[in-house]
file work-v4.txt (compact mmCIF, C-alpha atoms)
# COMPACT_ATOMS: atom_id res chain seq x y z
CA MET A 1 -9.37 13.91 10.45
CA SER A 2 -11.31 10.66 10.54
CA THR A 3 -10.76 7.74 12.87
CA HIS A 4 -8.03 5.54 11.42
CA SER A 5 -8.39 1.78 11.49
CA THR A 6 -6.35 -0.75 9.53
CA LYS A 7 -2.62 -0.18 10.04
CA THR A 8 0.21 -1.60 7.98
CA PRO A 9 3.96 -0.84 7.89
CA TRP A 10 3.29 1.39 4.87
CA LEU A 11 0.29 3.08 6.51
CA PRO A 12 1.19 3.37 10.21
CA PHE A 13 -1.65 5.79 11.01
CA GLY A 14 -4.27 3.61 9.36
CA THR A 15 -6.56 3.68 6.36
CA ALA A 16 -9.22 6.22 7.42
CA ASP A 17 -12.03 3.79 6.66
CA GLU A 18 -14.74 6.20 7.80
CA ALA A 19 -13.66 8.99 5.44
CA GLU A 20 -15.41 9.71 2.15
CA VAL A 21 -12.04 10.00 0.39
CA ARG A 22 -8.59 8.97 1.57
CA LEU A 23 -5.49 11.00 0.73
CA LEU A 24 -2.30 8.94 0.63
CA CYS A 25 0.69 11.23 1.22
CA LEU A 26 4.26 10.32 0.20
CA PRO A 27 7.07 12.25 1.95
CA HIS A 28 10.13 14.10 0.68
CA SER A 29 13.71 12.84 1.05
CA GLY A 30 14.70 12.00 4.60
CA ALA A 31 11.16 12.45 5.93
CA GLY A 32 8.61 9.95 7.15
CA ALA A 33 4.88 9.64 7.66
CA SER A 34 4.87 12.07 10.59
CA SER A 35 5.66 14.97 8.24
CA TYR A 36 2.00 14.87 7.15
CA ARG A 37 0.48 14.10 10.54
CA THR A 38 -0.12 17.69 11.65
CA TRP A 39 -0.11 19.12 8.12
CA GLY A 40 -3.20 17.11 7.26
CA GLU A 41 -5.22 18.35 10.24
CA GLY A 42 -6.35 21.36 8.22
CA LEU A 43 -8.15 19.28 5.61
CA PRO A 44 -11.94 18.81 5.71
CA ASP A 45 -13.15 16.00 7.97
CA TRP A 46 -14.45 14.01 5.01
CA ILE A 47 -10.89 13.59 3.71
CA GLY A 48 -8.90 10.97 5.61
CA VAL A 49 -5.16 11.59 5.56
CA CYS A 50 -3.08 8.40 5.22
CA PRO A 51 0.64 9.26 5.43
CA ALA A 52 2.87 6.62 3.84
CA GLN A 53 5.94 5.31 5.66
CA PRO A 54 8.78 4.13 3.38
CA PRO A 55 11.34 1.75 4.90
CA GLY A 56 14.29 3.14 6.83
CA ARG A 57 12.60 5.80 8.96
CA GLU A 58 10.45 6.29 12.05
CA THR A 59 8.37 3.13 12.64
CA ARG A 60 10.42 1.30 9.95
CA ARG A 61 13.87 2.55 10.92
CA GLN A 62 15.20 -1.00 11.35
CA GLU A 63 14.55 -1.77 7.68
CA PRO A 64 17.04 -0.79 4.97
CA PRO A 65 15.84 2.18 2.91
CA LEU A 66 14.97 1.58 -0.73
CA SER A 67 17.10 3.39 -3.32
CA GLU A 68 15.02 2.68 -6.43
CA VAL A 69 11.52 3.75 -7.42
CA GLY A 70 10.46 0.36 -8.81
CA PRO A 71 10.66 -1.80 -5.66
CA LEU A 72 9.20 1.01 -3.56
CA VAL A 73 6.06 1.53 -5.63
CA SER A 74 5.61 -2.20 -6.26
CA SER A 75 5.46 -2.90 -2.54
CA LEU A 76 3.24 0.08 -1.78
CA ALA A 77 0.86 -0.72 -4.65
CA GLN A 78 0.31 -4.22 -3.30
CA ASP A 79 -0.43 -2.78 0.14
CA ILE A 80 -2.89 -0.23 -1.23
CA SER A 81 -4.75 -2.77 -3.35
CA ALA A 82 -5.11 -5.02 -0.28
CA VAL A 83 -6.28 -2.52 2.35
CA ILE A 84 -7.71 0.61 0.72
CA ASN A 85 -11.42 0.38 -0.03
CA GLY A 86 -13.35 3.18 -1.68
CA PRO A 87 -12.24 6.45 -3.29
CA TYR A 88 -8.72 7.68 -2.63
CA ALA A 89 -6.20 10.19 -3.99
CA VAL A 90 -2.40 10.36 -3.88
CA LEU A 91 -0.13 13.29 -2.99
CA GLY A 92 3.64 13.41 -3.23
CA HIS A 93 6.19 16.10 -2.40
CA SER A 94 9.68 16.22 -3.93
CA THR A 95 11.03 12.64 -4.07
CA GLY A 96 7.58 11.57 -2.92
CA ALA A 97 6.11 13.18 -6.04
CA ILE A 98 7.97 10.93 -8.47
CA CYS A 99 7.05 7.96 -6.27
CA ALA A 100 3.39 9.04 -6.30
CA PHE A 101 3.44 9.25 -10.10
CA GLU A 102 5.06 5.84 -10.54
CA LEU A 103 2.70 4.41 -7.92
CA CYS A 104 -0.26 5.43 -10.08
CA ARG A 105 1.36 3.78 -13.11
CA GLU A 106 2.09 0.61 -11.10
CA LEU A 107 -1.49 0.45 -9.86
CA ARG A 108 -2.61 0.69 -13.48
CA ARG A 109 -0.24 -2.13 -14.47
CA ILE A 110 -1.59 -4.53 -11.85
CA GLY A 111 -5.21 -3.64 -12.57
CA ALA A 112 -5.87 -2.11 -9.15
CA PRO A 113 -8.45 0.67 -8.64
CA GLN A 114 -7.00 4.00 -9.76
CA PRO A 115 -6.79 7.09 -7.55
CA ALA A 116 -9.38 9.79 -8.07
CA HIS A 117 -6.65 12.47 -8.25
CA LEU A 118 -2.87 12.93 -8.20
CA PHE A 119 -1.40 15.92 -6.35
CA ILE A 120 2.22 16.89 -7.03
CA ALA A 121 4.59 19.40 -5.39
CA GLY A 122 8.31 20.15 -5.36
CA ARG A 123 9.32 17.92 -8.28
CA ARG A 124 9.82 18.68 -11.96
CA ALA A 125 7.79 16.60 -14.40
CA PRO A 126 9.15 13.06 -14.82
CA GLN A 127 10.13 13.56 -18.47
CA ILE A 128 12.55 16.31 -17.37
CA GLU A 129 15.83 14.82 -16.15
CA GLU A 130 16.74 15.47 -12.51
CA ARG A 131 20.13 16.97 -11.67
CA SER A 132 22.46 14.92 -9.47
CA SER A 133 23.36 16.35 -6.05
CA GLY A 134 26.23 13.92 -5.42
CA LEU A 135 24.87 13.55 -1.89
CA GLY A 136 26.49 10.17 -1.36
CA GLU A 137 29.93 11.70 -1.86
CA LEU A 138 29.51 14.57 0.60
CA THR A 139 31.31 14.91 3.91
CA LEU A 140 29.14 15.51 6.96
CA ASP A 141 29.97 19.23 6.87
CA GLU A 142 29.02 19.40 3.20
CA LEU A 143 25.82 17.48 3.91
CA ALA A 144 24.93 19.98 6.63
CA ASP A 145 25.45 22.85 4.17
CA VAL A 146 23.21 21.16 1.58
CA LEU A 147 20.44 20.60 4.13
CA ARG A 148 20.66 24.21 5.33
CA HIS A 149 20.42 25.42 1.75
CA HIS A 150 17.46 23.19 0.90
CA GLY A 151 15.58 24.00 4.10
CA GLY A 152 13.02 21.79 5.80
CA THR A 153 15.50 20.18 8.24
CA PRO A 154 15.49 21.34 11.89
CA ASP A 155 18.62 23.19 13.02
CA TRP A 156 19.19 20.72 15.85
CA VAL A 157 19.56 17.94 13.26
CA VAL A 158 21.81 19.94 10.93
CA ASN A 159 24.09 20.92 13.82
CA ASP A 160 24.42 17.42 15.29
CA PRO A 161 27.18 15.36 13.57
CA ALA A 162 25.92 12.12 15.16
CA MET A 163 22.42 12.71 13.81
CA LEU A 164 23.79 13.59 10.37
CA ARG A 165 25.89 10.42 10.39
CA MET A 166 22.79 8.38 11.19
CA LEU A 167 20.69 10.10 8.51
CA HIS A 168 23.30 9.94 5.77
CA PRO A 169 22.43 6.41 4.49
CA LEU A 170 18.72 7.26 4.46
CA LEU A 171 19.26 10.54 2.61
CA THR A 172 21.61 8.87 0.16
CA ALA A 173 19.01 6.22 -0.64
CA ASP A 174 16.18 8.75 -0.88
CA PHE A 175 18.07 11.06 -3.20
CA ALA A 176 19.00 8.06 -5.33
CA VAL A 177 15.30 7.27 -5.74
CA SER A 178 14.84 10.65 -7.40
CA GLU A 179 18.18 11.22 -9.10
CA ALA A 180 18.66 7.72 -10.52
CA TYR A 181 15.09 7.67 -11.78
CA ALA A 182 14.90 6.92 -15.50
CA TYR A 183 11.64 7.97 -17.08
CA THR A 184 10.06 5.39 -19.38
CA PRO A 185 7.30 6.73 -21.65
CA GLU A 186 3.88 5.18 -21.11
CA PRO A 187 0.38 6.40 -21.97
CA PRO A 188 -0.66 9.39 -19.85
CA LEU A 189 -2.65 8.71 -16.71
CA ASP A 190 -6.42 8.80 -17.05
CA LEU A 191 -6.94 10.89 -13.93
CA PRO A 192 -6.70 14.59 -13.06
CA ILE A 193 -3.39 16.02 -11.86
CA THR A 194 -2.96 19.09 -9.68
CA ALA A 195 0.54 20.55 -9.28
CA PHE A 196 1.67 23.03 -6.62
CA ALA A 197 4.61 25.09 -7.88
CA ALA A 198 6.74 27.25 -5.59
CA SER A 199 7.91 30.59 -6.95
CA ASP A 200 11.46 30.23 -5.59
CA ASP A 201 12.27 26.52 -5.69
CA PRO A 202 15.73 25.92 -7.21
CA ARG A 203 14.94 22.23 -7.72
CA ALA A 204 11.58 22.59 -9.46
CA SER A 205 10.58 25.75 -11.33
CA VAL A 206 7.03 26.77 -12.16
CA THR A 207 7.67 25.87 -15.80
CA GLN A 208 8.96 22.43 -14.83
CA LEU A 209 5.88 21.81 -12.68
CA ALA A 210 3.62 22.96 -15.52
CA ALA A 211 5.11 20.18 -17.67
CA TRP A 212 3.21 17.63 -15.58
CA GLU A 213 0.25 18.41 -17.85
CA ARG A 214 1.73 15.99 -20.40
CA GLN A 215 1.21 13.11 -17.97
CA THR A 216 -2.60 13.16 -17.91
CA THR A 217 -5.48 12.84 -20.33
CA GLY A 218 -7.69 14.44 -17.70
CA GLU A 219 -7.85 17.90 -16.20
CA PHE A 220 -4.60 19.58 -15.18
CA THR A 221 -4.44 22.40 -12.64
CA LEU A 222 -1.38 24.41 -11.62
CA HIS A 223 -1.32 26.44 -8.39
CA GLN A 224 1.60 28.79 -7.83
CA LEU A 225 2.72 29.34 -4.23
CA ASP A 226 5.09 32.01 -2.97
CA GLY A 227 8.14 30.53 -1.33
CA ASP A 228 10.75 27.80 -1.55
CA HIS A 229 10.86 24.03 -1.89
CA PHE A 230 8.64 23.56 1.18
CA ALA A 231 5.89 25.98 0.14
CA LEU A 232 3.45 23.04 0.28
CA PHE A 233 3.81 23.16 4.06
CA THR A 234 4.16 26.91 4.61
CA HIS A 235 0.99 27.52 2.59
CA ALA A 236 -0.88 24.53 4.00
CA ALA A 237 -4.22 26.32 4.34
CA ARG A 238 -4.29 27.32 0.67
CA VAL A 239 -3.19 23.84 -0.40
CA HIS A 240 -5.89 22.27 1.75
CA ARG A 241 -8.56 24.44 0.13
CA ALA A 242 -7.36 23.43 -3.33
CA ILE A 243 -7.30 19.73 -2.43
CA GLY A 244 -10.76 19.91 -0.90
CA ALA A 245 -12.19 21.63 -3.98
CA ALA A 246 -10.55 19.12 -6.33
CA LEU A 247 -11.73 16.06 -4.42
CA ARG A 248 -15.25 17.39 -3.82
CA THR A 249 -15.79 17.36 -7.59
CA ALA A 250 -13.98 14.03 -8.16
call {"tool": "encode", "arguments": {"input": "work-v4.txt", "output": "structure tokens"}}
result
Amino acid sequence: MSTHSTKTPWLPFGTADEAEVRLLCLPHSGAGASSYRTWGEGLPDWIGVCPAQPPGRETRRQEPPLSEVGPLVSSLAQDISAVINGPYAVLGHSTGAICAFELCRELRRIGAPQPAHLFIAGRRAPQIEERSSGLGELTLDELADVLRHHGGTPDWVVNDPAMLRMLHPLLTADFAVSEAYAYTPEPPLDLPITAFAASDDPRASVTQLAAWERQTTGEFTLHQLDGDHFALFTHAARVHRAIGAALRTA
């Protein structure tokens, strides 16, 4: 990974100014920028990984988390347009995927430079309504069961009531970002989209990931990965190869 320079609250690891292409990565519910820190180390050196840090976690844990897509992408779009220079792409996983999509639309609205590519994983296409989990109504025991079922949360967190109590407001807000999202039709994006679909993801089937093709006038590519909701991470090497190939031709 390249040397990172300009840091902002949204981009705590910097803007990878020396990289040929920057890859802005938006995390899944409950996660922060660090979820992409080691994951991105497998990408080619010419791609600079820029993990995004939404409010309410890690370096921004003193800020209230945002529970709506609009304010989140509006703030991030302003940050990107101010500090990102040169080619860049956007990747989002799960809740981060719908934020990545709306970020691209917000950047288009404000006339900012568009990403060279949008990478999506773990989230059905935006025109397909998301099911509600009722997370905000769960007891701590029920929340622990949901997190165990979904995977991706360390056992020491799931088994610690104090940690679950602390995470509950953040998870509630993050799930609201995805579940309260109301898709508004706009012209498709004029940029290529690559989707990574897991074979055994109860929240986003291969067919639902394939429906992202409707959101672009450019090239659409679908990669199927064996595994569950977090296949993006368990098959990191394959994902990295696909990202590198896509951005090399961008």
call {"tool": "atom_distance", "arguments": {"input": "work-v4.txt", "atom1": "atom CA of A:Gly227", "atom2": "atom CA of A:Asp174"}}
result
23.2 Å
call {"tool": "closest_residue", "arguments": {"input": "work-v4.txt", "among": "A:Pro12, A:Pro192, A:Pro115, A:Gly86", "to": "A:Arg37", "atoms": "all atoms listed in the file"}}
result
A:Pro12
call {"tool": "residues_around", "arguments": {"input": "work-v4.txt", "residues": "A:Arg60", "least_positions_apart": "2", "cutoff": "12 Å", "atoms": "only C-alpha atoms", "output": "list in words"}}
result
Thr8, Pro9, Trp10, Leu11, Pro12, Ala31, Gly32, Ala33, Ala52, Gln53, Pro54, Pro55, Gly56, Arg57, Glu58, Gln62, Glu63, Pro64, Pro65, Leu66 and Leu170 of chain A
call {"tool": "axis_aligned_box", "arguments": {"input": "work-v4.txt", "around": "stretch 116-123 of chain A", "padding_each_side": "3 Å", "output": "AutoDock Vina command-line options"}}
result
--center_x 0.0 --center_y 15.0 --center_z -6.8 --size_x 24.7 --size_y 16.4 --size_z 8.9
call {"tool": "closest_residue", "arguments": {"input": "work-v4.txt", "among": "A:Val177, A:Ala125, A:Ala162, A:Leu247", "to": "A:Ala204", "atoms": "only C-alpha atoms"}}
result
A:Ala125
call {"tool": "residues_around", "arguments": {"input": "work-v4.txt", "residues": "A:Ala242", "least_positions_apart": "5", "cutoff": "9 Å", "atoms": "all atoms listed in the file", "output": "list of chain:residue names"}}
result
A:Thr194, A:His223, A:Ala237, A:Leu247
call {"tool": "closest_residue", "arguments": {"input": "work-v4.txt", "among": "A:Glu102, A:Asp201, A:Asp145, A:Asp45", "to": "A:Leu23", "atoms": "all atoms listed in the file"}}
result
A:Asp45
call {"tool": "atom_distance", "arguments": {"input": "work-v4.txt", "atom1": "atom CA of A:Arg123", "atom2": "atom CA of A:Ser81"}}
result
25.5 Å
call {"tool": "atom_distance", "arguments": {"input": "work-v4.txt", "atom1": "atom CA of A:Leu43", "atom2": "atom CA of A:Phe196"}}
result
16.1 Å
call {"tool": "closest_residue", "arguments": {"input": "work-v4.txt", "among": "A:Arg124, A:Arg165, A:His117, A:Arg108", "to": "A:Val206", "atoms": "only C-alpha atoms"}}
result
A:Arg124
call {"tool": "residues_around", "arguments": {"input": "work-v4.txt", "residues": "A:Arg214", "least_positions_apart": "2", "cutoff": "9 Å", "atoms": "only C-alpha atoms", "output": "MDAnalysis selection string"}}
result
chainID A and resid 125 127 188 210:212 216:217 220
call {"tool": "closest_residue", "arguments": {"input": "work-v4.txt", "among": "A:Val146, A:Gly96, A:Leu189, A:Ser74", "to": "A:Gln114", "atoms": "all atoms listed in the file"}}
result
A:Leu189
call {"tool": "residues_around", "arguments": {"input": "work-v4.txt", "residues": "A:Ile47", "least_positions_apart": "4", "cutoff": "9 Å", "atoms": "all atoms listed in the file", "output": "number ranges by chain"}}
result
A: 1-2, 16, 19-23, 43, 88, 244, 247
call {"tool": "closest_residue", "arguments": {"input": "work-v4.txt", "among": "A:His235, A:His28, A:His240, A:Arg248", "to": "A:Gly92", "atoms": "all atoms listed in the file"}}
result
A:His28
call {"tool": "residues_near_point", "arguments": {"input": "work-v4.txt", "point": "(1.6, 32.3, -5.7)", "cutoff": "8 Å", "atoms": "only C-alpha atoms", "output": "list in words"}}
result
Ala198, Ser199, His223, Gln224, Leu225 and Asp226 of chain A
call {"tool": "residues_near_point", "arguments": {"input": "work-v4.txt", "point": "(9.3, 5.9, -8.8)", "cutoff": "6 Å", "atoms": "all atoms listed in the file", "output": "mmCIF file with C-alpha atoms, keeping the file's coordinate frame"}}
result
data_model
loop_
_atom_site.group_PDB
_atom_site.id
_atom_site.type_symbol
_atom_site.label_atom_id
_atom_site.label_comp_id
_atom_site.auth_asym_id
_atom_site.auth_seq_id
_atom_site.Cartn_x
_atom_site.Cartn_y
_atom_site.Cartn_z
ATOM 1 C CA VAL A 69 11.520 3.750 -7.420
ATOM 2 C CA GLY A 70 10.460 0.360 -8.810
ATOM 3 C CA ILE A 98 7.970 10.930 -8.470
ATOM 4 C CA CYS A 99 7.050 7.960 -6.270
ATOM 5 C CA GLU A 102 5.060 5.840 -10.540
#
call {"tool": "residues_around", "arguments": {"input": "work-v4.txt", "residues": "A:His168", "least_positions_apart": "3", "cutoff": "12 Å", "atoms": "only C-alpha atoms", "output": "list in words"}}
result
Ser29, Gly30, Gly56, Arg57, Pro65, Leu135, Gly136, Glu137, Leu138, Thr139, Leu140, Asp141, Glu142, Leu143, Ala144, Val146, Leu147, Val157, Val158, Pro161, Ala162, Met163, Leu164, Arg165, Leu171, Thr172, Ala173, Asp174 and Phe175 of chain A
call {"tool": "decode", "arguments": {"input": "work-v4.txt", "residues": "stretch 9-108 of chain A", "atoms": "C-alpha atoms", "output": "PDB file, in the first residue's frame"}}
result
ATOM      1  CA  PRO A   9     -12.137  12.354  10.085  1.00  0.00           C
ATOM      2  CA  TRP A  10     -13.684  10.479   7.146  1.00  0.00           C
ATOM      3  CA  LEU A  11     -10.313   9.228   5.890  1.00  0.00           C
ATOM      4  CA  PRO A  12      -8.251   8.544   9.037  1.00  0.00           C
ATOM      5  CA  PHE A  13      -5.536   6.602   7.177  1.00  0.00           C
ATOM      6  CA  GLY A  14      -5.065   9.311   4.575  1.00  0.00           C
ATOM      7  CA  THR A  15      -5.634   9.837   0.875  1.00  0.00           C
ATOM      8  CA  ALA A  16      -2.843   7.734  -0.685  1.00  0.00           C
ATOM      9  CA  ASP A  17      -1.626  10.656  -2.768  1.00  0.00           C
ATOM     10  CA  GLU A  18       1.242   8.681  -4.287  1.00  0.00           C
ATOM     11  CA  ALA A  19      -0.999   5.909  -5.638  1.00  0.00           C
ATOM     12  CA  GLU A  20      -2.094   5.727  -9.269  1.00  0.00           C
ATOM     13  CA  VAL A  21      -5.673   4.975  -8.172  1.00  0.00           C
ATOM     14  CA  ARG A  22      -7.286   5.309  -4.759  1.00  0.00           C
ATOM     15  CA  LEU A  23      -9.883   2.830  -3.510  1.00  0.00           C
ATOM     16  CA  LEU A  24     -12.314   4.311  -0.995  1.00  0.00           C
ATOM     17  CA  CYS A  25     -13.788   1.502   1.121  1.00  0.00           C
ATOM     18  CA  LEU A  26     -17.052   1.839   3.072  1.00  0.00           C
ATOM     19  CA  PRO A  27     -17.595  -0.660   5.922  1.00  0.00           C
ATOM     20  CA  HIS A  28     -20.495  -2.918   6.879  1.00  0.00           C
ATOM     21  CA  SER A  29     -22.791  -2.326   9.859  1.00  0.00           C
ATOM     22  CA  GLY A  30     -20.984  -1.907  13.153  1.00  0.00           C
ATOM     23  CA  ALA A  31     -17.554  -1.831  11.517  1.00  0.00           C
ATOM     24  CA  GLY A  32     -15.092   0.988  10.996  1.00  0.00           C
ATOM     25  CA  ALA A  33     -12.173   1.910   8.790  1.00  0.00           C
ATOM     26  CA  SER A  34      -9.885  -0.667  10.393  1.00  0.00           C
ATOM     27  CA  SER A  35     -11.906  -3.504   8.824  1.00  0.00           C
ATOM     28  CA  TYR A  36     -10.168  -2.694   5.524  1.00  0.00           C
ATOM     29  CA  ARG A  37      -6.732  -1.906   6.930  1.00  0.00           C
ATOM     30  CA  THR A  38      -5.256  -5.404   6.670  1.00  0.00           C
ATOM     31  CA  TRP A  39      -7.691  -6.576   3.985  1.00  0.00           C
ATOM     32  CA  GLY A  40      -6.322  -4.004   1.565  1.00  0.00           C
ATOM     33  CA  GLU A  41      -2.698  -5.074   1.999  1.00  0.00           C
ATOM     34  CA  GLY A  42      -3.144  -7.699  -0.701  1.00  0.00           C
ATOM     35  CA  LEU A  43      -3.928  -5.167  -3.415  1.00  0.00           C
ATOM     36  CA  PRO A  44      -1.271  -4.054  -5.921  1.00  0.00           C
ATOM     37  CA  ASP A  45       0.988  -1.236  -4.726  1.00  0.00           C
ATOM     38  CA  TRP A  46      -0.388   1.143  -7.353  1.00  0.00           C
ATOM     39  CA  ILE A  47      -3.821   1.021  -5.683  1.00  0.00           C
ATOM     40  CA  GLY A  48      -4.023   3.128  -2.525  1.00  0.00           C
ATOM     41  CA  VAL A  49      -6.595   1.875  -0.036  1.00  0.00           C
ATOM     42  CA  CYS A  50      -8.514   4.671   1.723  1.00  0.00           C
ATOM     43  CA  PRO A  51     -10.870   3.170   4.332  1.00  0.00           C
ATOM     44  CA  ALA A  52     -13.750   5.481   5.250  1.00  0.00           C
ATOM     45  CA  GLN A  53     -14.662   6.107   8.884  1.00  0.00           C
ATOM     46  CA  PRO A  54     -18.347   6.927   9.495  1.00  0.00           C
ATOM     47  CA  PRO A  55     -19.202   8.726  12.746  1.00  0.00           C
ATOM     48  CA  GLY A  56     -19.752   6.717  15.913  1.00  0.00           C
ATOM     49  CA  ARG A  57     -16.853   4.255  15.755  1.00  0.00           C
ATOM     50  CA  GLU A  58     -13.116   3.940  16.306  1.00  0.00           C
ATOM     51  CA  THR A  59     -11.484   7.374  15.789  1.00  0.00           C
ATOM     52  CA  ARG A  60     -14.967   8.992  15.679  1.00  0.00           C
ATOM     53  CA  ARG A  61     -16.573   7.097  18.555  1.00  0.00           C
ATOM     54  CA  GLN A  62     -17.440  10.323  20.394  1.00  0.00           C
ATOM     55  CA  GLU A  63     -19.679  11.438  17.524  1.00  0.00           C
ATOM     56  CA  PRO A  64     -23.286  10.231  17.228  1.00  0.00           C
ATOM     57  CA  PRO A  65     -23.718   7.652  14.458  1.00  0.00           C
ATOM     58  CA  LEU A  66     -25.773   8.634  11.424  1.00  0.00           C
ATOM     59  CA  SER A  67     -28.975   6.659  10.823  1.00  0.00           C
ATOM     60  CA  GLU A  68     -29.828   7.920   7.329  1.00  0.00           C
ATOM     61  CA  VAL A  69     -28.034   7.545   4.013  1.00  0.00           C
ATOM     62  CA  GLY A  70     -28.545  11.150   2.881  1.00  0.00           C
ATOM     63  CA  PRO A  71     -26.583  13.028   5.566  1.00  0.00           C
ATOM     64  CA  LEU A  72     -23.858  10.386   5.520  1.00  0.00           C
ATOM     65  CA  VAL A  73     -23.134  10.558   1.797  1.00  0.00           C
ATOM     66  CA  SER A  74     -23.555  14.340   1.683  1.00  0.00           C
ATOM     67  CA  SER A  75     -20.826  14.810   4.276  1.00  0.00           C
ATOM     68  CA  LEU A  76     -18.524  12.208   2.732  1.00  0.00           C
ATOM     69  CA  ALA A  77     -19.000  13.598  -0.789  1.00  0.00           C
ATOM     70  CA  GLN A  78     -17.904  17.048   0.360  1.00  0.00           C
ATOM     71  CA  ASP A  79     -14.819  15.533   1.974  1.00  0.00           C
ATOM     72  CA  ILE A  80     -13.914  13.547  -1.136  1.00  0.00           C
ATOM     73  CA  SER A  81     -14.342  16.502  -3.473  1.00  0.00           C
ATOM     74  CA  ALA A  82     -12.053  18.573  -1.218  1.00  0.00           C
ATOM     75  CA  VAL A  83      -9.170  16.149  -0.639  1.00  0.00           C
ATOM     76  CA  ILE A  84      -9.120  13.428  -3.310  1.00  0.00           C
ATOM     77  CA  ASN A  85      -7.108  14.341  -6.384  1.00  0.00           C
ATOM     78  CA  GLY A  86      -6.750  12.039  -9.364  1.00  0.00           C
ATOM     79  CA  PRO A  87      -8.441   8.741 -10.254  1.00  0.00           C
ATOM     80  CA  TYR A  88     -10.311   6.872  -7.544  1.00  0.00           C
ATOM     81  CA  ALA A  89     -12.840   4.060  -7.147  1.00  0.00           C
ATOM     82  CA  VAL A  90     -15.375   3.228  -4.431  1.00  0.00           C
ATOM     83  CA  LEU A  91     -16.088  -0.097  -2.721  1.00  0.00           C
ATOM     84  CA  GLY A  92     -18.864  -0.853  -0.268  1.00  0.00           C
ATOM     85  CA  HIS A  93     -19.831  -3.999   1.637  1.00  0.00           C
ATOM     86  CA  SER A  94     -23.338  -4.620   3.007  1.00  0.00           C
ATOM     87  CA  THR A  95     -24.636  -1.325   4.463  1.00  0.00           C
ATOM     88  CA  GLY A  96     -21.497   0.242   3.026  1.00  0.00           C
ATOM     89  CA  ALA A  97     -22.608  -0.873  -0.443  1.00  0.00           C
ATOM     90  CA  ILE A  98     -25.805   1.172  -0.434  1.00  0.00           C
ATOM     91  CA  CYS A  99     -23.811   4.106   0.951  1.00  0.00           C
ATOM     92  CA  ALA A 100     -21.220   3.681  -1.820  1.00  0.00           C
ATOM     93  CA  PHE A 101     -23.967   3.723  -4.448  1.00  0.00           C
ATOM     94  CA  GLU A 102     -25.656   6.817  -3.039  1.00  0.00           C
ATOM     95  CA  LEU A 103     -22.244   8.456  -2.633  1.00  0.00           C
ATOM     96  CA  CYS A 104     -21.681   8.114  -6.383  1.00  0.00           C
ATOM     97  CA  ARG A 105     -25.095   9.660  -7.060  1.00  0.00           C
ATOM     98  CA  GLU A 106     -24.393  12.514  -4.618  1.00  0.00           C
ATOM     99  CA  LEU A 107     -21.031  13.202  -6.245  1.00  0.00           C
ATOM    100  CA  ARG A 108     -22.847  13.402  -9.578  1.00  0.00           C
TER     101      ARG A 108
END
